[in-house]
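One file, final.tsv, is given below (TSV, C-alpha atoms).
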chain	number	residue	atom	x	y	z
E	6	MET	CA	-55.91	22.07	125.55
E	7	GLY	CA	-57.10	24.75	123.16
E	8	ASP	CA	-59.78	24.56	120.51
E	9	GLY	CA	-59.02	23.94	116.89
E	10	ASP	CA	-58.09	21.17	114.53
E	11	SER	CA	-55.01	19.26	115.59
E	12	ASP	CA	-52.23	18.02	113.42
E	13	ALA	CA	-52.09	14.24	113.59
E	14	SER	CA	-48.31	14.25	113.60
E	15	ASP	CA	-48.12	16.82	116.41
E	16	PRO	CA	-51.01	16.93	118.91
E	17	PHE	CA	-49.80	20.18	120.43
E	18	TYR	CA	-50.33	22.29	117.32
E	19	ILE	CA	-53.64	23.86	116.31
E	20	ASP	CA	-54.81	25.72	113.22
E	21	ASP	CA	-55.23	29.45	113.76
E	22	GLU	CA	-58.25	30.75	111.88
E	23	ASP	CA	-57.64	34.31	113.06
E	24	ASP	CA	-54.40	34.41	111.07
E	25	GLN	CA	-56.46	35.00	107.93
E	26	HIS	CA	-58.00	38.19	109.33
E	27	PRO	CA	-56.45	41.63	109.86
E	28	CYS	CA	-57.89	41.78	113.36
E	29	VAL	CA	-57.11	39.16	116.02
E	30	LYS	CA	-58.15	38.81	119.64
E	31	ILE	CA	-55.49	38.94	122.34
E	32	ASN	CA	-56.79	38.10	125.81
E	33	GLY	CA	-60.31	38.86	124.62
E	34	VAL	CA	-59.38	42.28	123.18
E	35	SER	CA	-59.54	42.82	119.40
E	36	MET	CA	-56.27	44.18	118.02
E	37	TYR	CA	-55.09	44.86	114.50
E	38	ARG	CA	-52.10	42.93	113.29
E	39	VAL	CA	-50.30	45.30	110.92
E	40	LYS	CA	-48.69	43.08	108.31
E	41	LYS	CA	-47.05	45.92	106.38
E	42	GLY	CA	-46.93	49.69	106.64
E	43	LYS	CA	-49.32	50.16	103.71
E	44	LYS	CA	-52.06	48.29	105.54
E	45	TRP	CA	-54.82	49.89	107.56
E	46	PRO	CA	-54.88	51.41	110.14
E	47	PHE	CA	-52.49	54.17	109.06
E	48	ASP	CA	-50.60	56.11	111.71
E	49	ALA	CA	-51.09	59.88	112.02
E	50	TYR	CA	-47.31	60.39	111.76
E	51	GLN	CA	-47.27	58.28	108.60
E	52	LEU	CA	-49.95	60.50	107.04
E	53	LEU	CA	-47.95	63.55	108.16
E	54	ASN	CA	-44.88	62.09	106.45
E	55	TRP	CA	-46.75	61.59	103.20
E	56	ALA	CA	-48.19	65.12	103.41
E	57	ALA	CA	-44.68	66.54	103.91
E	58	VAL	CA	-43.49	64.72	100.77
E	59	VAL	CA	-46.38	66.12	98.71
E	60	ILE	CA	-45.78	69.63	100.05
E	61	SER	CA	-42.06	69.39	99.27
E	62	ILE	CA	-42.78	68.34	95.70
E	63	LEU	CA	-45.28	71.15	95.20
E	64	MET	CA	-43.02	73.77	96.77
E	65	HIS	CA	-40.08	72.70	94.63
E	66	SER	CA	-41.98	72.57	91.36
E	67	VAL	CA	-44.20	75.66	91.87
E	68	ILE	CA	-42.21	78.02	94.13
E	69	HIS	CA	-38.52	77.16	93.69
E	70	LEU	CA	-37.69	75.98	90.19
E	71	PRO	CA	-39.64	78.59	88.17
E	72	MET	CA	-37.69	81.40	89.89
E	73	ALA	CA	-34.25	79.80	89.84
E	74	GLY	CA	-31.46	81.01	87.62
E	75	GLU	CA	-29.78	78.83	85.05
E	76	VAL	CA	-27.03	77.39	87.27
E	77	ALA	CA	-29.12	76.99	90.43
E	78	GLY	CA	-32.01	75.65	88.40
E	79	VAL	CA	-29.87	72.94	86.83
E	80	VAL	CA	-28.07	71.93	90.05
E	81	PHE	CA	-30.97	71.96	92.49
E	82	GLY	CA	-33.44	70.99	89.82
E	83	PHE	CA	-31.53	67.70	89.61
E	84	ILE	CA	-30.46	67.12	93.24
E	85	VAL	CA	-33.75	67.80	95.02
E	86	PRO	CA	-36.06	65.74	92.74
E	87	LEU	CA	-33.53	62.90	92.77
E	88	GLY	CA	-33.37	63.02	96.56
E	89	ILE	CA	-37.15	63.09	96.94
E	90	THR	CA	-37.55	60.19	94.51
E	91	MET	CA	-34.92	58.07	96.26
E	92	SER	CA	-36.33	58.95	99.67
E	93	VAL	CA	-39.83	57.88	98.64
E	94	CYS	CA	-38.62	54.64	97.05
E	95	VAL	CA	-36.38	53.61	99.95
E	96	GLY	CA	-39.01	54.72	102.48
E	97	PHE	CA	-41.59	52.51	100.81
E	98	GLY	CA	-39.03	49.72	100.82
E	99	ALA	CA	-38.59	50.03	104.60
E	100	MET	CA	-42.36	50.13	104.96
E	101	LEU	CA	-43.14	47.15	102.71
E	102	ILE	CA	-40.40	44.77	103.86
E	103	GLN	CA	-41.81	42.36	106.42
E	104	PRO	CA	-39.62	42.44	109.57
E	105	ALA	CA	-41.72	39.97	111.56
E	106	SER	CA	-40.59	36.51	112.55
E	107	PRO	CA	-41.70	34.06	109.85
E	108	ALA	CA	-43.64	32.01	112.40
E	109	VAL	CA	-45.98	34.94	113.14
E	110	PHE	CA	-47.81	34.57	109.84
E	111	GLY	CA	-47.55	30.79	109.73
E	112	SER	CA	-50.61	28.60	109.41
E	113	LYS	CA	-50.30	27.03	112.85
E	114	ARG	CA	-49.90	28.41	116.34
E	115	TRP	CA	-50.20	27.24	119.93
E	116	SER	CA	-52.88	28.04	122.48
E	117	ARG	CA	-51.88	29.19	125.98
E	118	GLU	CA	-53.17	25.88	127.39
E	119	GLN	CA	-51.01	23.91	124.97
E	120	PHE	CA	-47.96	25.96	125.87
E	121	GLU	CA	-48.52	25.35	129.59
E	122	GLU	CA	-49.00	21.64	128.92
E	123	SER	CA	-45.81	21.51	126.85
E	124	GLN	CA	-43.76	22.80	129.80
E	125	LYS	CA	-44.22	19.47	131.54
E	126	TYR	CA	-41.80	17.67	129.26
E	127	LYS	CA	-39.41	18.07	126.38
E	128	HIS	CA	-41.58	18.71	123.37
E	129	PRO	CA	-40.29	17.02	120.19
E	130	GLY	CA	-39.32	19.40	117.41
E	131	ILE	CA	-38.94	22.50	119.62
E	132	ASP	CA	-35.36	23.60	120.25
E	133	THR	CA	-35.84	25.52	123.49
E	134	THR	CA	-32.19	26.58	123.50
E	135	GLN	CA	-32.85	28.67	120.37
E	136	LEU	CA	-36.57	29.49	120.61
E	137	VAL	CA	-38.87	31.21	123.10
E	138	PHE	CA	-42.65	31.25	123.21
E	139	CYS	CA	-44.59	34.48	122.63
E	140	VAL	CA	-47.84	34.44	124.60
E	141	ASN	CA	-49.34	37.12	122.33
E	142	CYS	CA	-48.49	35.69	118.90
E	143	HIS	CA	-48.87	32.10	120.21
E	144	VAL	CA	-45.81	30.97	118.27
E	145	TRP	CA	-42.20	30.01	118.94
E	146	VAL	CA	-39.78	32.74	117.82
E	147	GLY	CA	-36.02	33.24	117.90
E	148	ARG	CA	-34.28	34.64	120.96
E	149	GLU	CA	-33.52	37.94	119.22
E	150	ALA	CA	-37.21	38.61	118.54
E	151	LYS	CA	-39.27	41.14	120.50
E	152	HIS	CA	-43.03	41.60	120.49
E	153	CYS	CA	-44.23	44.99	119.22
E	154	HIS	CA	-47.60	45.84	120.75
E	155	THR	CA	-48.27	48.49	118.12
E	156	CYS	CA	-47.94	46.05	115.21
E	157	ASN	CA	-49.03	43.15	117.43
E	158	LYS	CA	-46.35	40.79	116.18
E	159	CYS	CA	-42.85	39.57	117.02
E	160	ILE	CA	-40.03	41.30	115.15
E	161	ASP	CA	-36.67	39.65	114.43
E	162	GLY	CA	-33.81	41.89	115.60
E	163	PHE	CA	-36.30	44.47	116.90
E	164	ASP	CA	-34.89	48.01	117.01
E	165	HIS	CA	-37.95	50.27	117.33
E	166	HIS	CA	-41.39	50.97	115.93
E	167	CYS	CA	-41.26	53.85	113.44
E	168	LYS	CA	-44.53	55.75	113.27
E	169	PHE	CA	-43.42	57.69	110.19
E	170	VAL	CA	-43.38	54.55	108.06
E	171	ASN	CA	-45.99	52.77	110.22
E	172	ALA	CA	-43.77	49.73	110.54
E	173	CYS	CA	-41.37	48.10	112.92
E	174	ILE	CA	-37.69	48.43	112.20
E	175	GLY	CA	-35.86	45.15	112.64
E	176	SER	CA	-32.95	43.26	111.16
E	177	ALA	CA	-34.83	42.81	107.86
E	178	ASN	CA	-35.34	46.52	107.10
E	179	TYR	CA	-32.92	48.44	109.32
E	180	ALA	CA	-30.58	49.20	106.40
E	181	GLU	CA	-33.46	50.61	104.35
E	182	PHE	CA	-34.58	52.73	107.31
E	183	ALA	CA	-31.08	54.16	107.80
E	184	PHE	CA	-30.67	54.85	104.05
E	185	PHE	CA	-34.11	56.50	103.96
E	186	SER	CA	-33.19	58.78	106.88
E	187	ILE	CA	-29.84	59.77	105.40
E	188	ILE	CA	-31.27	60.53	101.93
E	189	THR	CA	-34.11	62.58	103.43
E	190	MET	CA	-31.64	64.49	105.60
E	191	VAL	CA	-29.43	65.38	102.62
E	192	THR	CA	-32.44	66.34	100.50
E	193	ALA	CA	-33.80	68.59	103.25
E	194	LEU	CA	-30.41	70.31	103.52
E	195	ALA	CA	-30.23	70.84	99.73
E	196	GLN	CA	-33.73	72.29	99.63
E	197	ALA	CA	-32.96	74.59	102.60
E	198	ILE	CA	-29.87	75.91	100.75
E	199	PHE	CA	-31.99	76.42	97.63
E	200	ASN	CA	-34.45	78.47	99.71
E	201	VAL	CA	-31.66	80.65	101.08
E	202	LEU	CA	-30.23	81.31	97.59
E	203	LEU	CA	-33.64	82.26	96.23
E	204	PHE	CA	-34.55	84.45	99.20
E	205	THR	CA	-31.25	86.37	99.22
E	206	GLY	CA	-31.32	86.64	95.43
E	207	SER	CA	-34.77	88.22	95.58
E	208	PHE	CA	-33.12	91.19	97.35
E	209	THR	CA	-29.68	91.35	95.74
E	210	SER	CA	-30.99	90.86	92.18
E	211	GLU	CA	-34.47	92.22	92.71
E	212	SER	CA	-35.01	93.55	89.20
E	213	SER	CA	-34.18	90.27	87.48
E	214	TYR	CA	-36.29	88.34	89.98
E	215	LYS	CA	-39.25	90.64	89.48
E	216	ALA	CA	-38.97	90.18	85.72
E	217	ARG	CA	-38.78	86.44	86.18
E	218	PHE	CA	-41.77	86.58	88.54
E	219	ASP	CA	-43.78	88.55	86.01
E	220	PHE	CA	-42.94	86.04	83.28
E	221	THR	CA	-43.68	82.97	85.48
E	222	TYR	CA	-46.73	83.94	87.52
E	223	GLY	CA	-48.30	86.66	85.41
E	224	GLU	CA	-48.62	90.32	86.28
E	225	TYR	CA	-46.21	91.43	89.02
E	226	SER	CA	-47.42	93.05	92.24
E	227	ASP	CA	-45.65	93.79	95.52
E	228	SER	CA	-48.20	91.79	97.51
E	229	ARG	CA	-47.86	88.68	95.33
E	230	TYR	CA	-44.07	89.02	95.45
E	231	ALA	CA	-44.23	89.19	99.27
E	232	VAL	CA	-46.38	86.05	99.35
E	233	TRP	CA	-43.79	84.22	97.26
E	234	ARG	CA	-41.07	85.26	99.70
E	235	ALA	CA	-43.24	84.10	102.60
E	236	PHE	CA	-43.51	80.67	100.99
E	237	LEU	CA	-39.72	80.55	100.78
E	238	VAL	CA	-39.49	81.25	104.52
E	239	ILE	CA	-42.09	78.58	105.31
E	240	SER	CA	-40.28	76.04	103.13
E	241	PHE	CA	-36.94	76.97	104.73
E	242	VAL	CA	-38.30	76.48	108.26
E	243	GLN	CA	-39.82	73.11	107.29
E	244	ASP	CA	-36.57	71.90	105.75
E	245	CYS	CA	-34.49	73.10	108.71
E	246	VAL	CA	-36.75	71.40	111.25
E	247	LEU	CA	-36.67	68.17	109.26
E	248	PHE	CA	-32.90	68.36	108.83
E	249	CYS	CA	-32.26	68.99	112.54
E	250	LEU	CA	-34.55	66.14	113.59
E	251	LEU	CA	-32.85	63.73	111.21
E	252	VAL	CA	-29.37	64.84	112.29
E	253	HIS	CA	-30.37	64.11	115.88
E	254	LEU	CA	-31.86	60.73	114.88
E	255	MET	CA	-28.89	59.60	112.81
E	256	SER	CA	-26.41	60.84	115.43
E	257	PHE	CA	-28.20	58.68	117.97
E	258	HIS	CA	-28.16	55.60	115.71
E	259	PHE	CA	-24.52	56.24	114.81
E	260	SER	CA	-23.61	56.40	118.50
E	261	LEU	CA	-25.27	53.01	119.03
E	262	LEU	CA	-22.67	51.46	116.72
E	263	PHE	CA	-20.08	52.05	119.44
E	264	LYS	CA	-22.23	50.88	122.37
E	265	THR	CA	-22.92	47.41	123.69
E	266	VAL	CA	-25.35	45.97	126.20
E	267	ASP	CA	-25.30	42.87	128.37
E	268	ILE	CA	-28.30	40.59	128.03
E	269	ASP	CA	-29.13	37.25	129.58
E	270	VAL	CA	-29.38	33.98	127.68
E	271	TYR	CA	-31.01	30.90	129.16
E	272	PHE	CA	-29.85	27.30	128.79
E	273	PRO	CA	-31.73	24.37	130.36
E	274	VAL	CA	-29.19	21.89	131.73
E	275	VAL	CA	-29.67	18.25	132.68
E	276	LEU	CA	-27.56	17.43	135.74
E	277	PRO	CA	-26.07	13.91	135.54
E	278	PRO	CA	-26.83	11.79	138.65
E	279	GLU	CA	-23.11	11.39	139.42
E	280	TRP	CA	-22.46	15.12	139.15
E	281	ASN	CA	-20.12	16.44	141.87
E	282	GLY	CA	-20.57	20.18	141.39
E	283	SER	CA	-17.82	20.56	138.79
E	284	LEU	CA	-18.63	23.02	136.01
E	285	ALA	CA	-16.07	21.25	133.81
E	286	LYS	CA	-18.26	18.14	133.86
E	287	LEU	CA	-21.06	20.26	132.39
E	288	GLY	CA	-18.71	21.56	129.71
E	289	ILE	CA	-17.47	24.99	130.80
E	290	GLU	CA	-14.38	26.40	132.46
E	291	VAL	CA	-14.96	29.65	134.37
E	292	ASP	CA	-12.36	32.36	134.87
E	293	TRP	CA	-13.69	33.91	138.08
E	294	SER	CA	-11.12	36.73	137.90
E	295	LYS	CA	-12.43	37.96	134.54
E	296	LYS	CA	-16.09	38.61	135.33
E	297	CYS	CA	-16.86	34.88	135.28
E	298	ARG	CA	-16.05	34.50	131.58
E	299	VAL	CA	-16.42	30.95	130.38
E	300	LYS	CA	-14.54	28.76	127.95
E	301	VAL	CA	-16.66	26.03	126.43
E	302	ILE	CA	-15.34	22.49	126.15
E	303	LYS	CA	-15.96	21.23	122.62
E	304	GLY	CA	-18.49	18.44	122.35
E	305	SER	CA	-19.81	18.98	125.87
E	306	GLN	CA	-23.41	19.44	126.94
E	307	MET	CA	-22.96	23.23	127.15
E	308	ASP	CA	-21.40	23.30	123.69
E	309	LYS	CA	-24.34	21.40	122.22
E	310	LEU	CA	-26.79	23.76	123.94
E	311	GLY	CA	-25.14	26.74	122.23
E	312	VAL	CA	-23.08	28.34	125.00
E	313	LYS	CA	-20.27	30.42	123.45
E	314	ASP	CA	-16.78	31.32	124.61
E	315	GLY	CA	-16.82	34.71	126.30
E	316	TYR	CA	-20.27	34.35	127.87
E	317	ARG	CA	-20.28	35.23	131.57
E	318	LEU	CA	-21.87	32.96	134.17
E	319	SER	CA	-24.59	34.90	135.99
E	320	THR	CA	-27.43	32.97	137.61
E	321	VAL	CA	-28.86	29.50	138.10
E	322	LEU	CA	-32.61	28.90	138.22
E	323	PHE	CA	-33.97	25.75	139.86
E	324	ASP	CA	-37.06	24.23	141.46
E	325	ASP	CA	-40.69	25.12	140.96
E	326	PRO	CA	-41.53	27.88	141.75
E	327	VAL	CA	-38.33	29.14	140.20
E	328	ILE	CA	-35.60	30.22	142.62
E	329	PRO	CA	-32.90	32.49	141.12
E	330	ALA	CA	-29.46	31.97	142.65
E	331	PRO	CA	-26.75	34.47	141.63
E	332	VAL	CA	-23.49	32.63	140.89
E	333	ASP	CA	-21.39	35.43	139.43
E	334	SER	CA	-18.53	34.78	141.83
E	335	GLN	CA	-16.78	31.67	143.13
E	336	ALA	CA	-18.03	32.39	146.65
E	337	LEU	CA	-21.64	32.38	145.43
E	338	TRP	CA	-21.20	29.34	143.19
E	339	GLU	CA	-19.97	27.00	145.94
E	340	PRO	CA	-23.16	26.98	148.11
E	341	ALA	CA	-25.36	26.88	145.00
E	342	SER	CA	-23.41	23.91	143.60
E	343	GLN	CA	-23.66	22.05	146.92
E	344	TYR	CA	-27.43	22.44	146.87
E	345	LEU	CA	-27.61	21.32	143.23
E	346	VAL	CA	-25.45	18.27	143.99
E	347	SER	CA	-27.89	17.30	146.74
E	348	ARG	CA	-30.72	17.57	144.22
E	349	ALA	CA	-28.98	15.89	141.30
E	350	GLN	CA	-30.52	12.54	142.22
E	351	ILE	CA	-33.99	14.10	141.90
E	352	ASP	CA	-35.73	15.24	138.73
E	353	VAL	CA	-34.85	18.91	139.22
E	354	ASP	CA	-35.21	21.58	136.55
E	355	VAL	CA	-32.04	23.64	136.26
E	356	VAL	CA	-31.52	26.62	133.95
E	357	PHE	CA	-28.13	28.31	133.67
E	358	ILE	CA	-28.18	32.00	132.79
E	359	PHE	CA	-25.19	33.56	131.07
E	360	LYS	CA	-24.59	37.18	130.18
E	361	LYS	CA	-23.55	38.00	126.66
E	362	THR	CA	-22.60	41.30	125.06
E	363	LYS	CA	-24.37	42.49	121.91
E	364	LYS	CA	-24.60	45.67	119.89
E	365	MET	CA	-27.03	48.07	121.49
E	366	SER	CA	-30.33	48.74	119.73
E	367	THR	CA	-32.85	51.52	120.26
E	368	TYR	CA	-34.96	49.11	122.29
E	369	ASP	CA	-31.98	48.30	124.51
E	370	HIS	CA	-31.27	52.00	125.02
E	371	LEU	CA	-34.86	52.69	126.08
E	372	MET	CA	-34.87	49.74	128.45
E	373	LEU	CA	-31.63	50.95	130.04
E	374	GLN	CA	-33.08	54.41	130.53
E	375	GLU	CA	-36.17	52.91	132.11
E	376	CYS	CA	-34.24	50.82	134.63
E	377	GLY	CA	-31.52	53.43	135.18
E	378	ASP	CA	-28.71	51.06	134.23
E	379	GLU	CA	-26.01	52.09	131.78
E	380	THR	CA	-24.53	48.68	131.00
E	381	SER	CA	-27.13	45.93	131.37
E	382	ARG	CA	-30.85	45.50	130.92
E	383	SER	CA	-30.93	41.98	132.30
E	384	ALA	CA	-31.33	42.53	136.03
E	385	SER	CA	-34.77	40.91	136.00
E	386	PRO	CA	-35.01	37.22	135.05
E	387	VAL	CA	-37.94	38.01	132.76
E	388	ASP	CA	-36.46	41.01	130.92
E	389	VAL	CA	-34.05	39.03	128.81
E	390	GLU	CA	-33.65	38.23	125.14
E	391	MET	CA	-37.24	37.16	124.60
E	392	PRO	CA	-40.54	38.72	123.40
E	393	LEU	CA	-41.48	42.03	124.97
E	394	GLU	CA	-44.97	40.95	125.93
E	395	MET	CA	-43.63	39.42	129.13
E	396	GLU	CA	-42.98	42.92	130.44
E	397	MET	CA	-46.48	44.15	129.59
E	398	GLU	CA	-48.67	41.08	129.93
E	399	SER	CA	-49.26	41.62	133.66
E	400	PRO	CA	-47.88	43.82	136.45
E	401	GLU	CA	-46.01	40.86	137.98
E	402	PRO	CA	-45.15	38.38	135.22
E	403	SER	CA	-44.10	34.91	136.20
E	404	PRO	CA	-40.44	34.17	135.39
E	405	ALA	CA	-41.15	30.56	134.54
E	406	ALA	CA	-43.79	31.50	131.98
E	407	HIS	CA	-41.31	33.11	129.61
E	408	GLN	CA	-38.02	31.31	130.09
E	409	PRO	CA	-36.69	28.71	127.70
E	410	LEU	CA	-38.16	25.48	128.92
E	411	PRO	CA	-36.31	22.91	131.02
E	412	GLU	CA	-35.90	19.52	129.40
E	413	PRO	CA	-36.91	16.63	131.70
E	414	ASP	CA	-35.79	13.21	130.63
E	415	ASN	CA	-39.18	11.52	130.41
E	416	ALA	CA	-42.14	12.71	128.37
E	417	PRO	CA	-45.74	11.57	128.99
E	418	ASP	CA	-47.54	9.50	126.44
E	419	SER	CA	-49.22	11.71	123.85

Please rewrite the model in this file as structure tokens.
Amino acid sequence: MGDGDSDASDPFYIDDEDDQHPCVKINGVSMYRVKKGKKWPFDAYQLLNWAAVVISILMHSVIHLPMAGEVAGVVFGFIVPLGITMSVCVGFGAMLIQPASPAVFGSKRWSREQFEESQKYKHPGIDTTQLVFCVNCHVWVGREAKHCHTCNKCIDGFDHHCKFVNACIGSANYAEFAFFSIITMVTALAQAIFNVLLFTGSFTSESSYKARFDFTYGEYSDSRYAVWRAFLVISFVQDCVLFCLLVHLMSFHFSLLFKTVDIDVYFPVVLPPEWNGSLAKLGIEVDWSKKCRVKVIKGSQMDKLGVKDGYRLSTVLFDDPVIPAPVDSQALWEPASQYLVSRAQIDVDVVFIFKKTKKMSTYDHLMLQECGDETSRSASPVDVEMPLEMEMESPEPSPAAHQPLPEPDNAPDS
């Protein structure tokens, strides 16, 4: 059991004093928990982003607008400032919105010892079919959450960690991030076009530009005029680089809208003593000819656990230590079911693993690249729809330590 004050109504919860501090200790190592992007420590890319915004504002107001003609001055004098303003506002929105799981900043969390103790029986109040335990945050989070080791917190619907806003991008702020990127891309394009018009105009209408230069910046000289042109080139290169990077980024995110990935979902199942190996008695009908797709029987045990029509039967985990048995074909299911029938009279922990298809995220794409798989990132029983810390906690993480917990019938006296 861990240290801390216990809740009388729930002896397996403790107060977390470290939650009140910006720096917490994970496995004895002090780490910052970044609550929002405006909090210290700032990222170097975030500071670079802010510097680019300031430079763009200065370049537009000092170099571009004073030398623009009436039409160009009105058009770009409205579009560019509007784009910069919207980009800054939406960017701050993406940075300030909290994408973390609500439990991360709750007042109570579990110790590792309490979590290990809770695995021995069905803990009241914890729906292990919907929640998984994060060993870094010491809280129960939803299955779609991933642990970001940069922010040191679990993120709902984790997509990626954006260094330019110094915040994780998840389901709570993904729309703001996409809008911010699109607005910045359009603004960079508009400013690049403005640079081209000014630069070409400085040659084609040189006399009027020189007169305008003399009126705006004081006495005209060829050297000062050349410096102004050089600033136009620098601004053009900056805008083009930014535009190309954002086109690449948004093309990638747009392509993800048309891609899916298979992930594993875990469901602890209680085998009835009279079970004869029939999947229908557990509440599912399997079409072995269609990649083991299942149809859930309404009101059955599998239906109550949250299994959905269209999931695909993949693996069964049983015993301690955990033994994974692939059952993604009828030929593989038959020997596994015979063994499970022989153990049904014993208190055996059984976890059914199903594959489900979801929209691909940036995190999914990176995981697929890492494992060299183009369709599924769920080959390992620990790399599945649960916090990321399991992949980084140790070189050989234990599968049982991060799976949704089995639910034995009898709980010890508390």

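In this model, the gap between atom CA of Lys300 of chain E and atom CA of Val312 of chain E comes to 9.0 Å.
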
Let me make sure I understand: among E:Ser319, E:Ser213, E:Ser240, E:Thr192, which one has the smallest atom-to-atom distance to Gly88 of chain E if we use only C-alpha atoms?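 Selected residue with least distance to Gly88 of chain E: E:Thr192.
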
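For the set E:Tyr225, E:Asp161, E:Trp145, E:Met190, the residue with the smallest atom-to-atom gap to Met91 of chain E is E:Met190, counting all atoms listed in the file.
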
When you draw a straight line from atom CA of Ile84 of chain E to atom CA of Ile174 of chain E, how long is it in Å?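 Taking atom CA of Ile84 of chain E as the start and atom CA of Ile174 of chain E as the end point, the length is 27.6 Å.
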
Spatial neighbours of Asp292 of chain E, 12 Å, only C-alpha atoms, chain gap at least 2 places, as an mmCIF file with C-alpha atoms, in the coordinates of the input:
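Result file selection06.cif:
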data_model
loop_
_atom_site.group_PDB
_atom_site.id
_atom_site.type_symbol
_atom_site.label_atom_id
_atom_site.label_comp_id
_atom_site.auth_asym_id
_atom_site.auth_seq_id
_atom_site.Cartn_x
_atom_site.Cartn_y
_atom_site.Cartn_z
ATOM 1 C CA LEU E 284 -18.630 23.020 136.010
ATOM 2 C CA ALA E 285 -16.070 21.250 133.810
ATOM 3 C CA ILE E 289 -17.470 24.990 130.800
ATOM 4 C CA GLU E 290 -14.380 26.400 132.460
ATOM 5 C CA SER E 294 -11.120 36.730 137.900
ATOM 6 C CA LYS E 295 -12.430 37.960 134.540
ATOM 7 C CA LYS E 296 -16.090 38.610 135.330
ATOM 8 C CA CYS E 297 -16.860 34.880 135.280
ATOM 9 C CA ARG E 298 -16.050 34.500 131.580
ATOM 10 C CA VAL E 299 -16.420 30.950 130.380
ATOM 11 C CA LYS E 300 -14.540 28.760 127.950
ATOM 12 C CA VAL E 301 -16.660 26.030 126.430
ATOM 13 C CA ASP E 314 -16.780 31.320 124.610
ATOM 14 C CA GLY E 315 -16.820 34.710 126.300
ATOM 15 C CA TYR E 316 -20.270 34.350 127.870
ATOM 16 C CA ARG E 317 -20.280 35.230 131.570
ATOM 17 C CA LEU E 318 -21.870 32.960 134.170
ATOM 18 C CA ASP E 333 -21.390 35.430 139.430
ATOM 19 C CA SER E 334 -18.530 34.780 141.830
ATOM 20 C CA GLN E 335 -16.780 31.670 143.130
#

Test item: residues at most 10 Å from Ala105 of chain E, only C-alpha atoms, excluding those fewer than 6 positions along its chain, as a list in words: Lys40, Lys41, Val146, Ala150, Lys151, His152, Cys153, Cys156, Asn157, Lys158, Cys159, Ile160, Asp161, Gly162, Phe163, Cys173, Ile174, Gly175, Ser176 and Ala177 of chain E

Considering all atoms listed in the file, can you say which of E:Phe359, E:Phe182, E:Tyr222, E:Trp280 comes closest to Gly311 of chain E?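 Smallest separation from Gly311 of chain E among the options: E:Phe359.
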
Can you work out the spacing between atom CA of Phe259 of chain E and atom CA of Ala183 of chain E in Å, to one decimal?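 Atom-to-atom, atom CA of Phe259 of chain E to atom CA of Ala183 of chain E, that is 9.8 Å.
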
Selection near segment 245-247 of chain E, 8 Å with all atoms listed in the file, sequence-local residues under 4 positions removed, as a VMD selection string: chain E and resid 190 193 to 194 197 241 251

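Distances here use all atoms listed in the file; by that measure, the residue among E:Ile268, E:Ala73, E:Leu136, E:Phe169 closest to Leu52 of chain E is E:Phe169.
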
Of E:Ile198, E:Arg348, E:Lys313, E:Ile102, the one sitting nearest Asp244 of chain E when using all atoms listed in the file is E:Ile198

When distances are computed from only C-alpha atoms, which of E:Leu322, E:Ala235, E:Val252, E:Val356 shows the smallest separation from Val275 of chain E?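 Among the listed residues, the smallest separation from Val275 of chain E belongs to E:Val356.
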
Polymer residues at most 10 Å from Phe218 of chain E, only C-alpha atoms, same-chain spacing of 4 or more positions, as a list of chain:residue names: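 Selected residues are E:Pro71, E:Met72, E:Ser212, E:Ser213, E:Tyr214, E:Tyr222, E:Gly223, E:Glu224, E:Tyr225, E:Ser226, E:Arg229, E:Tyr230, E:Trp233.
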
Residues near segment 365-369 of chain E, anyone? I mean within 7 Å using only C-alpha atoms, not counting same-chain ones fewer than 5 positions away, as a ChimeraX atom specification. /E:164-165,261,264-266
